[in-house]
file data-v2.cif (mmCIF, C-alpha atoms and all ligand atoms)
data_final
loop_
_atom_site.label_atom_id
_atom_site.label_comp_id
_atom_site.auth_asym_id
_atom_site.auth_seq_id
_atom_site.Cartn_x
_atom_site.Cartn_y
_atom_site.Cartn_z
CA MET A 26 0.00 0.00 0.00
CA ALA A 27 1.21 3.50 -0.80
CA TYR A 28 0.83 6.18 1.86
CA PHE A 29 2.04 9.06 -0.31
CA GLU A 30 0.37 8.14 -3.59
CA ASN A 31 0.62 11.54 -5.22
CA ILE A 32 4.33 11.94 -4.68
CA ASP A 33 7.09 10.63 -6.93
CA LYS A 34 10.74 10.40 -6.05
CA ILE A 35 12.09 13.90 -5.34
CA LYS A 36 14.92 14.83 -7.70
CA TYR A 37 17.32 17.70 -8.11
CA GLU A 38 16.02 20.01 -10.85
CA GLY A 39 18.09 23.13 -10.25
CA SER A 40 17.25 26.64 -9.09
CA ASN A 41 15.03 27.49 -12.07
CA SER A 42 12.60 24.63 -11.51
CA THR A 43 9.04 25.60 -10.66
CA ASN A 44 8.20 22.07 -9.49
CA PRO A 45 7.64 22.32 -5.71
CA TYR A 46 8.42 18.61 -5.41
CA SER A 47 12.02 18.97 -6.53
CA PHE A 48 15.29 20.05 -4.98
CA LYS A 49 16.44 23.44 -6.24
CA PHE A 50 19.86 23.46 -4.54
CA TYR A 51 20.35 20.05 -2.91
CA ASN A 52 22.05 17.92 -5.50
CA PRO A 53 23.14 14.76 -3.67
CA GLU A 54 25.87 13.97 -6.18
CA GLU A 55 27.37 17.45 -6.49
CA VAL A 56 30.86 17.62 -5.00
CA VAL A 57 31.53 20.49 -2.60
CA GLY A 58 34.85 20.69 -0.76
CA GLY A 59 35.88 17.20 -1.87
CA LYS A 60 32.71 15.40 -0.73
CA THR A 61 29.31 14.91 -2.28
CA MET A 62 26.48 16.93 -0.79
CA GLU A 63 24.92 13.70 0.38
CA GLU A 64 28.10 12.73 2.25
CA TYR A 65 28.56 16.18 3.72
CA LEU A 66 25.04 16.91 4.84
CA ARG A 67 23.96 13.44 6.03
CA PHE A 68 20.31 14.43 6.35
CA GLY A 69 18.03 12.58 8.73
CA VAL A 70 14.24 12.45 9.18
CA ALA A 71 12.91 12.67 12.76
CA TYR A 72 10.37 9.88 13.15
CA TRP A 73 8.48 11.67 15.94
CA HIS A 74 7.75 14.86 14.03
CA THR A 75 7.05 13.18 10.71
CA PHE A 76 5.18 9.98 11.52
CA THR A 77 4.02 10.21 15.14
CA GLU A 78 3.27 13.92 15.64
CA ASP A 79 -0.42 14.95 15.34
CA LEU A 80 0.24 18.74 15.34
CA SER A 81 -1.67 19.42 18.54
CA ASP A 82 -0.60 22.38 20.66
CA PRO A 83 -1.45 23.36 24.26
CA PHE A 84 -4.63 25.07 23.01
CA GLY A 85 -5.77 22.82 20.22
CA VAL A 86 -6.13 19.21 19.16
CA GLY A 87 -4.14 17.62 16.38
CA THR A 88 -4.79 18.69 12.80
CA ALA A 89 -2.49 16.32 10.90
CA GLN A 90 -4.09 14.30 8.11
CA ARG A 91 -2.17 11.03 7.91
CA SER A 92 -3.36 8.04 5.94
CA TRP A 93 -1.97 5.66 8.57
CA ASP A 94 -4.14 7.14 11.32
CA LYS A 95 -7.02 4.81 10.47
CA PHE A 96 -5.04 2.09 12.28
CA ASP A 97 -4.64 1.56 16.01
CA GLY A 98 -2.09 0.14 18.49
CA MET A 99 0.50 -2.18 16.97
CA ASP A 100 -1.22 -1.98 13.55
CA LEU A 101 -0.68 1.77 13.61
CA ALA A 102 2.98 1.26 14.57
CA LYS A 103 3.44 -1.12 11.64
CA ALA A 104 1.69 1.19 9.20
CA ARG A 105 4.00 3.99 10.30
CA VAL A 106 7.05 1.86 9.48
CA GLU A 107 5.67 1.21 5.99
CA ALA A 108 4.90 4.90 5.51
CA ALA A 109 8.31 5.89 6.86
CA PHE A 110 10.30 3.77 4.44
CA GLU A 111 8.17 4.95 1.51
CA PHE A 112 8.89 8.53 2.65
CA PHE A 113 12.66 7.93 3.05
CA GLU A 114 12.86 6.38 -0.40
CA LYS A 115 10.87 9.15 -2.11
CA LEU A 116 12.80 11.90 -0.34
CA ASN A 117 16.08 10.07 -1.01
CA VAL A 118 17.33 10.68 2.50
CA PRO A 119 20.24 8.71 4.00
CA TYR A 120 19.24 8.65 7.71
CA PHE A 121 16.42 8.64 10.24
CA CYS A 122 16.16 8.98 14.04
CA PHE A 123 13.62 7.87 16.66
CA HIS A 124 12.69 7.54 20.34
CA ASP A 125 11.44 4.13 21.55
CA VAL A 126 7.85 5.36 21.96
CA ASP A 127 7.76 6.89 18.46
CA ILE A 128 8.05 3.52 16.81
CA ALA A 129 6.13 1.24 19.22
CA PRO A 130 3.38 1.91 21.76
CA GLU A 131 4.12 1.45 25.45
CA GLY A 132 2.46 -1.65 26.89
CA SER A 133 0.94 -2.02 30.34
CA SER A 134 4.30 -3.18 31.73
CA LEU A 135 7.96 -2.69 30.88
CA ARG A 136 8.03 -6.28 29.66
CA GLU A 137 5.15 -5.68 27.27
CA SER A 138 6.67 -2.40 26.03
CA ASN A 139 9.87 -4.27 25.26
CA GLN A 140 7.96 -6.93 23.36
CA ASN A 141 6.21 -4.27 21.28
CA LEU A 142 9.59 -2.70 20.57
CA ASP A 143 11.10 -6.05 19.61
CA SER A 144 8.49 -6.73 16.99
CA ILE A 145 8.70 -3.25 15.40
CA VAL A 146 12.50 -3.26 15.52
CA ALA A 147 12.49 -6.59 13.67
CA MET A 148 10.21 -5.05 11.04
CA ILE A 149 12.42 -1.96 10.70
CA LYS A 150 15.49 -4.17 10.38
CA ASP A 151 13.80 -6.01 7.55
CA TYR A 152 12.92 -2.79 5.74
CA MET A 153 16.46 -1.50 6.20
CA LYS A 154 17.79 -4.47 4.23
CA ASP A 155 16.21 -3.11 1.04
CA SER A 156 16.72 0.55 1.81
CA LYS A 157 19.70 2.89 1.68
CA THR A 158 18.34 4.75 4.72
CA LYS A 159 20.26 4.02 7.91
CA LEU A 160 19.76 4.86 11.54
CA LEU A 161 21.60 8.08 12.47
CA TRP A 162 20.60 7.74 16.11
CA ASN A 163 18.01 6.44 18.46
CA THR A 164 17.12 7.43 21.98
CA VAL A 165 14.45 6.71 24.55
CA ASN A 166 11.65 8.96 25.70
CA ASN A 167 12.15 9.33 29.45
CA PHE A 168 9.98 12.42 29.76
CA THR A 169 6.36 11.98 28.50
CA HIS A 170 4.95 9.29 30.80
CA PRO A 171 3.66 10.41 34.25
CA ARG A 172 6.24 8.14 35.94
CA PHE A 173 8.81 10.78 34.95
CA VAL A 174 6.91 13.59 36.63
CA HIS A 175 9.82 14.28 39.02
CA GLY A 176 12.60 13.43 36.56
CA ALA A 177 14.21 10.29 35.18
CA ALA A 178 17.93 9.76 35.94
CA SER A 179 17.75 12.86 38.17
CA ALA A 180 14.48 11.83 39.86
CA ASN A 181 13.98 11.89 43.64
CA ASN A 182 12.80 8.28 43.47
CA ALA A 183 15.23 5.38 43.00
CA ASP A 184 12.54 3.21 41.36
CA VAL A 185 12.22 5.80 38.62
CA PHE A 186 16.01 5.88 38.21
CA ALA A 187 15.89 2.08 37.74
CA PHE A 188 13.02 2.30 35.27
CA ALA A 189 14.82 4.97 33.25
CA ALA A 190 17.96 2.81 33.26
CA ALA A 191 15.99 -0.21 32.02
CA LYS A 192 14.63 1.85 29.13
CA VAL A 193 18.08 3.15 28.15
CA LYS A 194 19.47 -0.41 28.42
CA LYS A 195 16.84 -1.50 25.92
CA GLY A 196 17.55 1.57 23.76
CA LEU A 197 21.23 0.62 23.56
CA GLU A 198 20.29 -2.93 22.55
CA VAL A 199 17.93 -1.56 19.88
CA GLY A 200 20.62 0.80 18.61
CA LYS A 201 23.05 -2.08 18.32
CA GLU A 202 20.49 -4.26 16.55
CA LEU A 203 19.80 -1.58 13.93
CA GLY A 204 23.41 -0.40 13.56
CA ALA A 205 22.85 3.14 14.87
CA GLU A 206 25.74 5.54 14.26
CA ASN A 207 25.01 7.48 17.45
CA TYR A 208 23.00 7.28 20.64
CA VAL A 209 21.42 10.51 21.97
CA PHE A 210 20.55 11.66 25.47
CA TRP A 211 18.21 14.58 25.72
CA GLY A 212 17.19 15.01 29.34
CA GLY A 213 13.65 16.31 29.02
CA ARG A 214 12.98 15.92 32.75
CA GLU A 215 16.60 16.11 33.92
CA GLY A 216 16.34 19.42 35.69
CA TYR A 217 14.17 20.97 38.35
CA GLU A 218 11.29 23.36 38.89
CA THR A 219 12.32 24.77 42.26
CA LEU A 220 15.28 24.42 44.59
CA LEU A 221 12.87 24.47 47.53
CA ASN A 222 12.37 20.70 47.25
CA THR A 223 15.48 19.69 45.28
CA ASP A 224 18.77 18.05 46.27
CA MET A 225 20.72 19.33 43.29
CA LYS A 226 24.01 17.73 44.29
CA LEU A 227 22.45 14.25 44.56
CA GLU A 228 20.55 14.72 41.28
CA LEU A 229 23.70 15.75 39.39
CA ASP A 230 25.76 12.95 40.92
CA ASN A 231 23.05 10.46 39.97
CA LEU A 232 22.98 11.80 36.43
CA GLY A 233 26.74 11.28 36.27
CA ARG A 234 26.33 7.72 37.60
CA PHE A 235 23.60 7.05 35.05
CA PHE A 236 25.73 8.13 32.08
CA ASN A 237 28.67 6.08 33.32
CA MET A 238 26.46 3.00 33.62
CA ALA A 239 25.17 3.59 30.07
CA VAL A 240 28.73 3.82 28.72
CA ASN A 241 29.66 0.62 30.57
CA TYR A 242 26.66 -1.27 29.25
CA ALA A 243 27.30 -0.18 25.65
CA GLU A 244 30.87 -1.45 26.01
CA GLU A 245 29.63 -4.68 27.54
CA ILE A 246 27.35 -5.45 24.58
CA GLY A 247 29.77 -4.15 21.95
CA PHE A 248 27.61 -1.21 20.80
CA ASP A 249 30.16 1.24 19.43
CA ALA A 250 27.92 4.21 18.60
CA GLN A 251 29.06 7.76 19.33
CA PHE A 252 27.29 8.95 22.52
CA LEU A 253 25.77 12.41 22.33
CA ILE A 254 24.30 14.79 24.88
CA GLU A 255 21.73 17.22 23.49
CA PRO A 256 21.77 20.40 25.59
CA LYS A 257 18.65 22.48 26.13
CA PRO A 258 18.37 25.23 28.76
CA LYS A 259 14.68 25.00 29.66
CA GLU A 260 11.36 23.44 28.65
CA PRO A 261 9.85 21.31 29.98
CA THR A 262 11.63 22.06 33.29
CA SER A 263 12.57 25.64 34.10
CA HIS A 264 16.18 24.63 34.86
CA GLN A 265 17.66 21.86 32.71
CA TYR A 266 21.00 20.43 33.81
CA ASP A 267 22.43 20.17 30.26
CA PHE A 268 21.89 23.91 29.72
CA ASP A 269 24.26 24.46 26.80
CA VAL A 270 27.51 23.03 25.43
CA ALA A 271 29.68 24.89 27.95
CA SER A 272 27.77 23.65 31.01
CA GLY A 273 27.44 20.17 29.46
CA TYR A 274 31.19 20.07 28.96
CA ALA A 275 31.81 21.01 32.58
CA PHE A 276 29.44 18.21 33.63
CA LEU A 277 31.19 15.66 31.39
CA GLN A 278 34.59 16.61 32.78
CA LYS A 279 33.47 16.42 36.39
CA TYR A 280 31.98 12.95 35.94
CA ASP A 281 34.87 11.58 33.90
CA LEU A 282 32.87 11.33 30.70
CA ALA A 283 34.54 13.92 28.47
CA ASP A 284 36.20 11.37 26.19
CA LYS A 285 33.03 9.27 25.92
CA PHE A 286 30.56 11.88 24.69
CA LYS A 287 30.11 14.57 22.10
CA PHE A 288 27.20 16.95 21.63
CA ASN A 289 24.09 16.89 19.48
CA ILE A 290 23.45 20.58 18.92
CA GLU A 291 19.97 21.83 18.15
CA ALA A 292 19.57 25.29 16.63
CA ASN A 293 16.43 26.17 18.58
CA HIS A 294 17.97 25.00 21.87
CA ALA A 295 20.94 27.29 21.23
CA THR A 296 18.66 30.29 20.81
CA LEU A 297 16.66 29.35 23.92
CA ALA A 298 19.96 29.43 25.83
CA GLY A 299 20.55 32.97 24.60
CA HIS A 300 23.22 31.85 22.13
CA THR A 301 23.36 31.76 18.38
CA PHE A 302 23.35 28.36 16.67
CA GLU A 303 26.89 29.00 15.44
CA HIS A 304 28.06 29.83 18.97
CA GLU A 305 27.09 26.36 20.18
CA LEU A 306 28.60 24.67 17.11
CA HIS A 307 31.80 26.69 17.49
CA TYR A 308 32.14 26.03 21.23
CA ALA A 309 31.75 22.31 20.59
CA ARG A 310 34.07 22.34 17.59
CA VAL A 311 37.02 24.08 19.23
CA ASN A 312 36.80 21.57 22.09
CA GLY A 313 36.59 18.57 19.75
CA LEU A 314 33.01 17.86 20.81
CA LEU A 315 30.87 18.57 17.75
CA GLY A 316 29.01 15.32 17.15
CA SER A 317 25.73 15.88 15.37
CA VAL A 318 23.07 18.49 14.71
CA ASP A 319 19.32 18.78 15.21
CA ALA A 320 18.54 21.02 12.28
CA ASN A 321 15.63 23.35 12.93
CA GLN A 322 15.05 26.99 13.81
CA GLY A 323 13.16 28.92 16.46
CA HIS A 324 10.69 31.72 15.96
CA PRO A 325 12.41 35.02 16.74
CA LEU A 326 9.42 36.29 18.74
CA LEU A 327 8.57 33.16 20.73
CA GLY A 328 10.45 31.90 23.76
CA TRP A 329 9.96 28.16 23.38
CA ASP A 330 11.13 25.29 21.17
CA THR A 331 9.02 25.91 18.04
CA ASP A 332 11.03 23.32 16.03
CA GLU A 333 10.47 25.02 12.70
CA PHE A 334 12.04 23.66 9.55
CA PRO A 335 15.25 25.59 8.87
CA THR A 336 14.89 28.05 6.00
CA ASP A 337 17.09 30.94 7.17
CA LEU A 338 20.01 30.90 4.73
CA TYR A 339 22.16 33.18 6.86
CA ALA A 340 21.89 30.71 9.73
CA THR A 341 22.49 27.63 7.56
CA THR A 342 25.54 29.32 6.02
CA LEU A 343 27.11 30.12 9.38
CA ALA A 344 26.25 26.63 10.64
CA MET A 345 27.81 24.95 7.61
CA TYR A 346 30.86 27.18 8.04
CA GLU A 347 31.42 25.58 11.45
CA ILE A 348 30.66 22.09 10.16
CA ILE A 349 33.12 22.41 7.27
CA LYS A 350 35.78 23.73 9.63
CA ASN A 351 35.07 20.69 11.77
CA GLY A 352 35.92 18.50 8.77
CA GLY A 353 32.27 17.45 8.52
CA LEU A 354 30.12 15.74 11.12
CA GLY A 355 31.88 12.36 11.21
CA ARG A 356 29.31 9.84 12.34
CA GLY A 357 26.77 12.59 13.02
CA GLY A 358 24.38 14.22 10.60
CA LEU A 359 21.74 16.89 10.13
CA ASN A 360 18.58 15.50 11.70
CA PHE A 361 15.46 17.56 11.00
CA ASP A 362 14.15 17.81 14.54
CA ALA A 363 11.48 19.99 12.99
CA LYS A 364 7.75 19.87 12.54
CA VAL A 365 5.42 21.36 9.98
CA ARG A 366 3.23 24.16 11.36
CA ARG A 367 -0.22 23.23 12.64
CA GLY A 368 -1.77 24.80 9.56
CA SER A 369 0.39 22.68 7.22
CA PHE A 370 -1.53 19.50 7.91
CA THR A 371 -1.46 17.58 4.63
CA PRO A 372 0.92 14.67 3.93
CA GLU A 373 2.41 16.69 1.05
CA ASP A 374 3.56 19.32 3.54
CA LEU A 375 5.91 16.73 5.06
CA PHE A 376 7.77 16.53 1.75
CA LEU A 377 7.66 20.26 1.07
CA ALA A 378 9.06 21.03 4.53
CA HIS A 379 11.96 18.60 4.20
CA ILE A 380 12.74 19.88 0.69
CA ALA A 381 12.84 23.44 2.08
CA GLY A 382 15.23 22.41 4.86
CA MET A 383 17.48 20.34 2.62
CA ASP A 384 17.74 23.13 0.06
CA ALA A 385 18.50 25.68 2.78
CA PHE A 386 21.41 23.59 4.08
CA ALA A 387 22.66 22.89 0.55
CA VAL A 388 22.85 26.66 -0.07
CA GLY A 389 24.58 27.06 3.30
CA LEU A 390 27.13 24.42 2.35
CA ARG A 391 27.88 26.00 -1.03
CA VAL A 392 28.22 29.53 0.34
CA ALA A 393 30.26 28.51 3.37
CA GLN A 394 32.68 26.50 1.23
CA LYS A 395 33.11 29.48 -1.09
CA LEU A 396 33.76 31.81 1.88
CA LEU A 397 36.46 29.41 3.03
CA ASP A 398 37.94 28.88 -0.45
CA ASP A 399 38.25 32.64 -0.92
CA ASN A 400 39.61 33.16 2.58
CA VAL A 401 36.99 35.84 3.23
CA LEU A 402 36.70 35.56 7.00
CA GLU A 403 39.79 33.57 7.90
CA GLY A 404 42.16 36.29 6.67
CA ILE A 405 40.38 38.94 8.74
CA VAL A 406 40.48 36.81 11.89
CA LYS A 407 44.15 35.96 11.37
CA ASP A 408 45.14 39.61 10.94
CA ARG A 409 43.14 40.62 13.96
CA TYR A 410 45.30 38.43 16.22
CA SER A 411 48.62 39.14 14.51
CA SER A 412 50.07 40.62 17.73
CA PHE A 413 50.18 37.08 19.14
CA TYR A 414 52.39 35.72 16.35
CA GLU A 415 55.56 37.60 17.34
CA GLY A 416 57.23 39.47 20.18
CA ILE A 417 55.50 39.66 23.53
CA GLY A 418 52.34 38.06 22.12
CA LYS A 419 54.24 34.98 20.99
CA GLU A 420 55.85 34.73 24.42
CA ILE A 421 52.39 34.76 26.04
CA VAL A 422 51.16 32.03 23.72
CA ASP A 423 54.34 29.96 24.13
CA GLY A 424 54.08 30.19 27.91
CA THR A 425 57.46 31.93 28.27
CA SER A 426 56.11 35.16 29.73
CA ASP A 427 55.11 36.12 33.26
CA PHE A 428 53.64 39.12 35.08
CA GLN A 429 57.05 40.76 35.63
CA LYS A 430 57.95 40.63 31.94
CA LEU A 431 54.48 41.81 31.01
CA GLU A 432 54.78 44.74 33.39
CA GLN A 433 58.14 45.68 31.83
CA HIS A 434 56.50 45.59 28.41
CA ALA A 435 53.51 47.66 29.53
CA LEU A 436 55.75 50.28 31.18
CA GLN A 437 57.48 50.94 27.84
CA LEU A 438 54.28 51.44 25.90
CA ASP A 439 53.47 54.99 24.80
CA GLU A 440 50.14 54.24 23.30
CA ILE A 441 48.22 51.09 22.41
CA LYS A 442 47.25 50.96 18.74
CA HIS A 443 43.96 49.42 17.63
CA GLU A 444 42.66 48.40 14.21
CA SER A 445 39.04 48.47 13.08
CA GLY A 446 37.09 45.23 13.58
CA ARG A 447 35.45 45.74 10.15
CA LEU A 448 32.17 44.22 11.28
CA GLU A 449 30.02 45.92 8.62
CA LEU A 450 32.42 44.97 5.86
CA ILE A 451 32.33 41.35 7.01
CA LYS A 452 28.53 41.29 6.96
CA ALA A 453 28.45 42.92 3.52
CA ASN A 454 30.89 40.28 2.28
CA ILE A 455 28.65 37.49 3.51
CA ASN A 456 25.64 39.10 1.80
CA GLN A 457 27.62 39.35 -1.41
CA TYR A 458 28.46 35.64 -1.28
CA LEU A 459 24.85 34.70 -0.53
CA LEU A 460 23.55 36.80 -3.42
CA LYS A 461 26.14 35.41 -5.79
CA ALA A 462 24.96 31.94 -4.79
CA TYR A 463 21.36 32.91 -5.68
CA ALA A 464 22.56 34.14 -9.04
CA GLY A 465 24.30 30.79 -9.55
CA GLU A 466 27.74 32.42 -9.79
C1 LIG B 501 13.32 18.28 22.46
C2 LIG B 501 14.44 17.59 21.86
C3 LIG B 501 14.16 16.15 21.45
C4 LIG B 501 15.46 15.42 21.24
C5 LIG B 501 15.37 13.95 21.31
O1 LIG B 501 13.32 19.50 22.57
O2 LIG B 501 14.90 18.33 20.77
O3 LIG B 501 13.34 16.09 20.34
O4 LIG B 501 16.04 15.79 20.02
O5 LIG B 501 14.89 13.51 22.52
NI NI B 502 16.32 17.70 19.35
NI NI B 503 14.13 20.47 20.67
#

call {"tool": "encode", "arguments": {"input": "data-v2.cif", "output": "structure tokens"}}
result
Amino acid sequence: MAYFENIDKIKYEGSNSTNPYSFKFYNPEEVVGGKTMEEYLRFGVAYWHTFTEDLSDPFGVGTAQRSWDKFDGMDLAKARVEAAFEFFEKLNVPYFCFHDVDIAPEGSSLRESNQNLDSIVAMIKDYMKDSKTKLLWNTVNNFTHPRFVHGAASANNADVFAFAAAKVKKGLEVGKELGAENYVFWGGREGYETLLNTDMKLELDNLGRFFNMAVNYAEEIGFDAQFLIEPKPKEPTSHQYDFDVASGYAFLQKYDLADKFKFNIEANHATLAGHTFEHELHYARVNGLLGSVDANQGHPLLGWDTDEFPTDLYATTLAMYEIIKNGGLGRGGLNFDAKVRRGSFTPEDLFLAHIAGMDAFAVGLRVAQKLLDDNVLEGIVKDRYSSFYEGIGKEIVDGTSDFQKLEQHALQLDEIKHESGRLELIKANINQYLLKAYAGE
């Protein structure tokens, strides 16, 4: 049975195409910076937003029209797998991602939930045999069910900690079974509402213990995926422990996990933390911790995780700039942790939204590579720090200076000379490169 009858395979038709069901900029085979676009961008579809989501919001019921919704329970779960692989094939996308509860319904006990998972995982494994689409990452949902009302690995209740551990144990087994490249931890309930009833030290220590146990279990079963923490500063809790990359890195170092994890960076989480997307990517990159990306964007006027499909070319360009400088994403990818708006409820919108996001990142890749090839920003940055390449600056960097020498140097200075930071020129240069990309130059 076909779930997307009206849609054919999406192909690259170039920027002059008027066919909405075609890529205008994403050409999987085109080589940019020595790799094909497909290899560089490693796009993934988020199962939850595309096949499980009903587009409800806190004020309104779901609006999504999905042909699989006529089914129920395990039949619905199976229909979603069929629809998903038809979607992956038609979109020509190399990866997908899921939480346990996206693919299989929870049963009335942990045992039954695991059985449901086993049968859907077997079905997915079968579909993967005939498909080029692989599993970028999986994770478990330790936040929706009422048992996680006071947290999961940072809960006040040891039974909940055990339950959360059992779910992650199963998640690691599922990841191994399906050959996942990565395993993600987003701590939806790992935080607190108020300090008035919270033992923060115990919660953080427990979280550290939990991650260490997960690493040990993955080693024990020979699951060699890259482990990723996905920081988010707030929502659903008002204080999330993995606030941003910097605080996540401090946490990893304290609990002896820094060489075991990298970060999965989500654009909208960065903006919620008061950072730009490129700030989070850059912070991770310069510390060797850039693992994967949840590609979406926030609404500039709203203060929550709106998970919009990324269409802002300025943002995708600066993101791809970081990713190229990172040498690509390694085992990570660009997972569209993004949902169509509530008003975009037809099945076709799922394709149109992914096409928009894939084209936006393809433009970002092309423009960022050109900026690097032409040394547009690198030269400016290098010049700006030239005082550290010789003389007293070099001594500081080499570690051969001290406060006495620095005082001697400062005492001899008549005046300190500054150069312009050229911020407006830099922005104009980026605009020029973006516009040249539109013109196909
Ligand atoms: C929620 C998160 C979530 C993670 C996976 O805000 O982005 O979707 O990516 O648990
Ligand atoms: Ni995410
Ligand atoms: Ni999110």

call {"tool": "closest_atom_pairs", "arguments": {"input": "data-v2.cif", "of": "range 100-193 of chain A", "to": "range 368-377 of chain A", "cutoff": "10 Å", "atoms": "all atoms listed in the file", "output": "Markdown table"}}
result
| residue | atom | partner | partner_atom | distance |
| --- | --- | --- | --- | --- |
| A:Phe112 | CA | A:Phe376 | CA | 8.1 |
| A:Phe113 | CA | A:Phe376 | CA | 10.0 |
| A:Lys115 | CA | A:Phe376 | CA | 8.9 |
| A:Leu116 | CA | A:Phe376 | CA | 7.1 |

call {"tool": "residues_around", "arguments": {"input": "data-v2.cif", "residues": "Gly58 in chain A", "least_positions_apart": "5", "cutoff": "12 Å", "atoms": "only C-alpha atoms", "output": "tab-separated table (two decimals) with C-alpha atoms, keeping the file's coordinate frame"}}
result
chain	number	residue	atom	x	y	z
A	64	GLU	CA	28.10	12.73	2.25
A	65	TYR	CA	28.56	16.18	3.72
A	66	LEU	CA	25.04	16.91	4.84
A	345	MET	CA	27.81	24.95	7.61
A	346	TYR	CA	30.86	27.18	8.04
A	348	ILE	CA	30.66	22.09	10.16
A	349	ILE	CA	33.12	22.41	7.27
A	350	LYS	CA	35.78	23.73	9.63
A	352	GLY	CA	35.92	18.50	8.77
A	353	GLY	CA	32.27	17.45	8.52
A	390	LEU	CA	27.13	24.42	2.35
A	391	ARG	CA	27.88	26.00	-1.03
A	392	VAL	CA	28.22	29.53	0.34
A	393	ALA	CA	30.26	28.51	3.37
A	394	GLN	CA	32.68	26.50	1.23
A	395	LYS	CA	33.11	29.48	-1.09
A	396	LEU	CA	33.76	31.81	1.88
A	397	LEU	CA	36.46	29.41	3.03
A	398	ASP	CA	37.94	28.88	-0.45

call {"tool": "closest_atom_pairs", "arguments": {"input": "data-v2.cif", "of": "range 299-409 of chain A", "to": "range 118-133 of chain A", "cutoff": "10 Å", "atoms": "all atoms listed in the file", "output": "tab-separated table"}}
result
residue	atom	partner	partner_atom	distance
A:Gly358	CA	A:Tyr120	CA	8.1
A:Leu359	CA	A:Tyr120	CA	8.9
A:Asn360	CA	A:Cys122	CA	7.3
A:Phe361	CA	A:Phe121	CA	9.0
A:Asp362	CA	A:Cys122	CA	9.1
A:His379	CA	A:Val118	CA	9.7
A:Met383	CA	A:Val118	CA	9.7

call {"tool": "closest_atom_pairs", "arguments": {"input": "data-v2.cif", "of": "chain A", "to": "ligand LIG 501 (chain B)", "cutoff": "8 Å", "atoms": "only C-alpha atoms and all ligand atoms", "output": "JSON lines"}}
result
{"residue": "A:Trp73", "atom": "CA", "partner": "B:LIG501", "partner_atom": "O3", "distance": 7.9}
{"residue": "A:Phe123", "atom": "CA", "partner": "B:LIG501", "partner_atom": "C5", "distance": 7.9}
{"residue": "A:His124", "atom": "CA", "partner": "B:LIG501", "partner_atom": "O5", "distance": 6.7}
{"residue": "A:Thr164", "atom": "CA", "partner": "B:LIG501", "partner_atom": "O5", "distance": 6.5}
{"residue": "A:Val165", "atom": "CA", "partner": "B:LIG501", "partner_atom": "O5", "distance": 7.1}
{"residue": "A:Asn166", "atom": "CA", "partner": "B:LIG501", "partner_atom": "O5", "distance": 6.4}
{"residue": "A:Val209", "atom": "CA", "partner": "B:LIG501", "partner_atom": "C5", "distance": 7.0}
{"residue": "A:Phe210", "atom": "CA", "partner": "B:LIG501", "partner_atom": "O5", "distance": 6.6}
{"residue": "A:Trp211", "atom": "CA", "partner": "B:LIG501", "partner_atom": "O5", "distance": 4.7}
{"residue": "A:Gly212", "atom": "CA", "partner": "B:LIG501", "partner_atom": "O5", "distance": 7.4}
{"residue": "A:Gly213", "atom": "CA", "partner": "B:LIG501", "partner_atom": "C1", "distance": 6.9}
{"residue": "A:Glu255", "atom": "CA", "partner": "B:LIG501", "partner_atom": "O4", "distance": 6.8}
{"residue": "A:Lys257", "atom": "CA", "partner": "B:LIG501", "partner_atom": "O1", "distance": 7.1}
{"residue": "A:Glu260", "atom": "CA", "partner": "B:LIG501", "partner_atom": "O1", "distance": 7.5}
{"residue": "A:Glu291", "atom": "CA", "partner": "B:LIG501", "partner_atom": "O2", "distance": 6.7}
{"residue": "A:His294", "atom": "CA", "partner": "B:LIG501", "partner_atom": "O1", "distance": 7.2}
{"residue": "A:Asp319", "atom": "CA", "partner": "B:LIG501", "partner_atom": "O4", "distance": 6.5}
{"residue": "A:Asp330", "atom": "CA", "partner": "B:LIG501", "partner_atom": "O1", "distance": 6.3}
{"residue": "A:Asp332", "atom": "CA", "partner": "B:LIG501", "partner_atom": "O2", "distance": 7.9}
{"residue": "A:Asp362", "atom": "CA", "partner": "B:LIG501", "partner_atom": "O3", "distance": 6.1}

call {"tool": "closest_residue", "arguments": {"input": "data-v2.cif", "among": "A:Ser92, A:Gln278, A:Gln322, A:Thr262", "to": "Asn293 in chain A", "atoms": "only C-alpha atoms"}}
result
A:Gln322

call {"tool": "atom_distance", "arguments": {"input": "data-v2.cif", "atom1": "CA of Leu282 in chain A", "atom2": "CA of Phe236 in chain A"}}
result
7.9 Å

call {"tool": "residues_around", "arguments": {"input": "data-v2.cif", "residues": "Ala178 in chain A", "least_positions_apart": "2", "cutoff": "7 Å", "atoms": "only C-alpha atoms", "output": "list in words"}}
result
Gly176, Ala180, Phe186, Ala189, Glu215, Asn231, Leu232 and Phe235 of chain A

call {"tool": "write_last_selection", "arguments": {"input": "data-v2.cif", "atoms": "C-alpha atoms", "output": "CSV table (one decimal), in the coordinates of the input"}}
result
chain,number,residue,atom,x,y,z
A,176,GLY,CA,12.6,13.4,36.6
A,180,ALA,CA,14.5,11.8,39.9
A,186,PHE,CA,16.0,5.9,38.2
A,189,ALA,CA,14.8,5.0,33.2
A,215,GLU,CA,16.6,16.1,33.9
A,231,ASN,CA,23.0,10.5,40.0
A,232,LEU,CA,23.0,11.8,36.4
A,235,PHE,CA,23.6,7.0,35.0

call {"tool": "atom_distance", "arguments": {"input": "data-v2.cif", "atom1": "CA of Asn237 in chain A", "atom2": "CA of Lys287 in chain A"}}
result
14.1 Å

call {"tool": "closest_residue", "arguments": {"input": "data-v2.cif", "among": "A:Phe252, A:Phe302, A:Phe96, A:Phe68", "to": "Ala283 in chain A", "atoms": "all atoms listed in the file"}}
result
A:Phe252
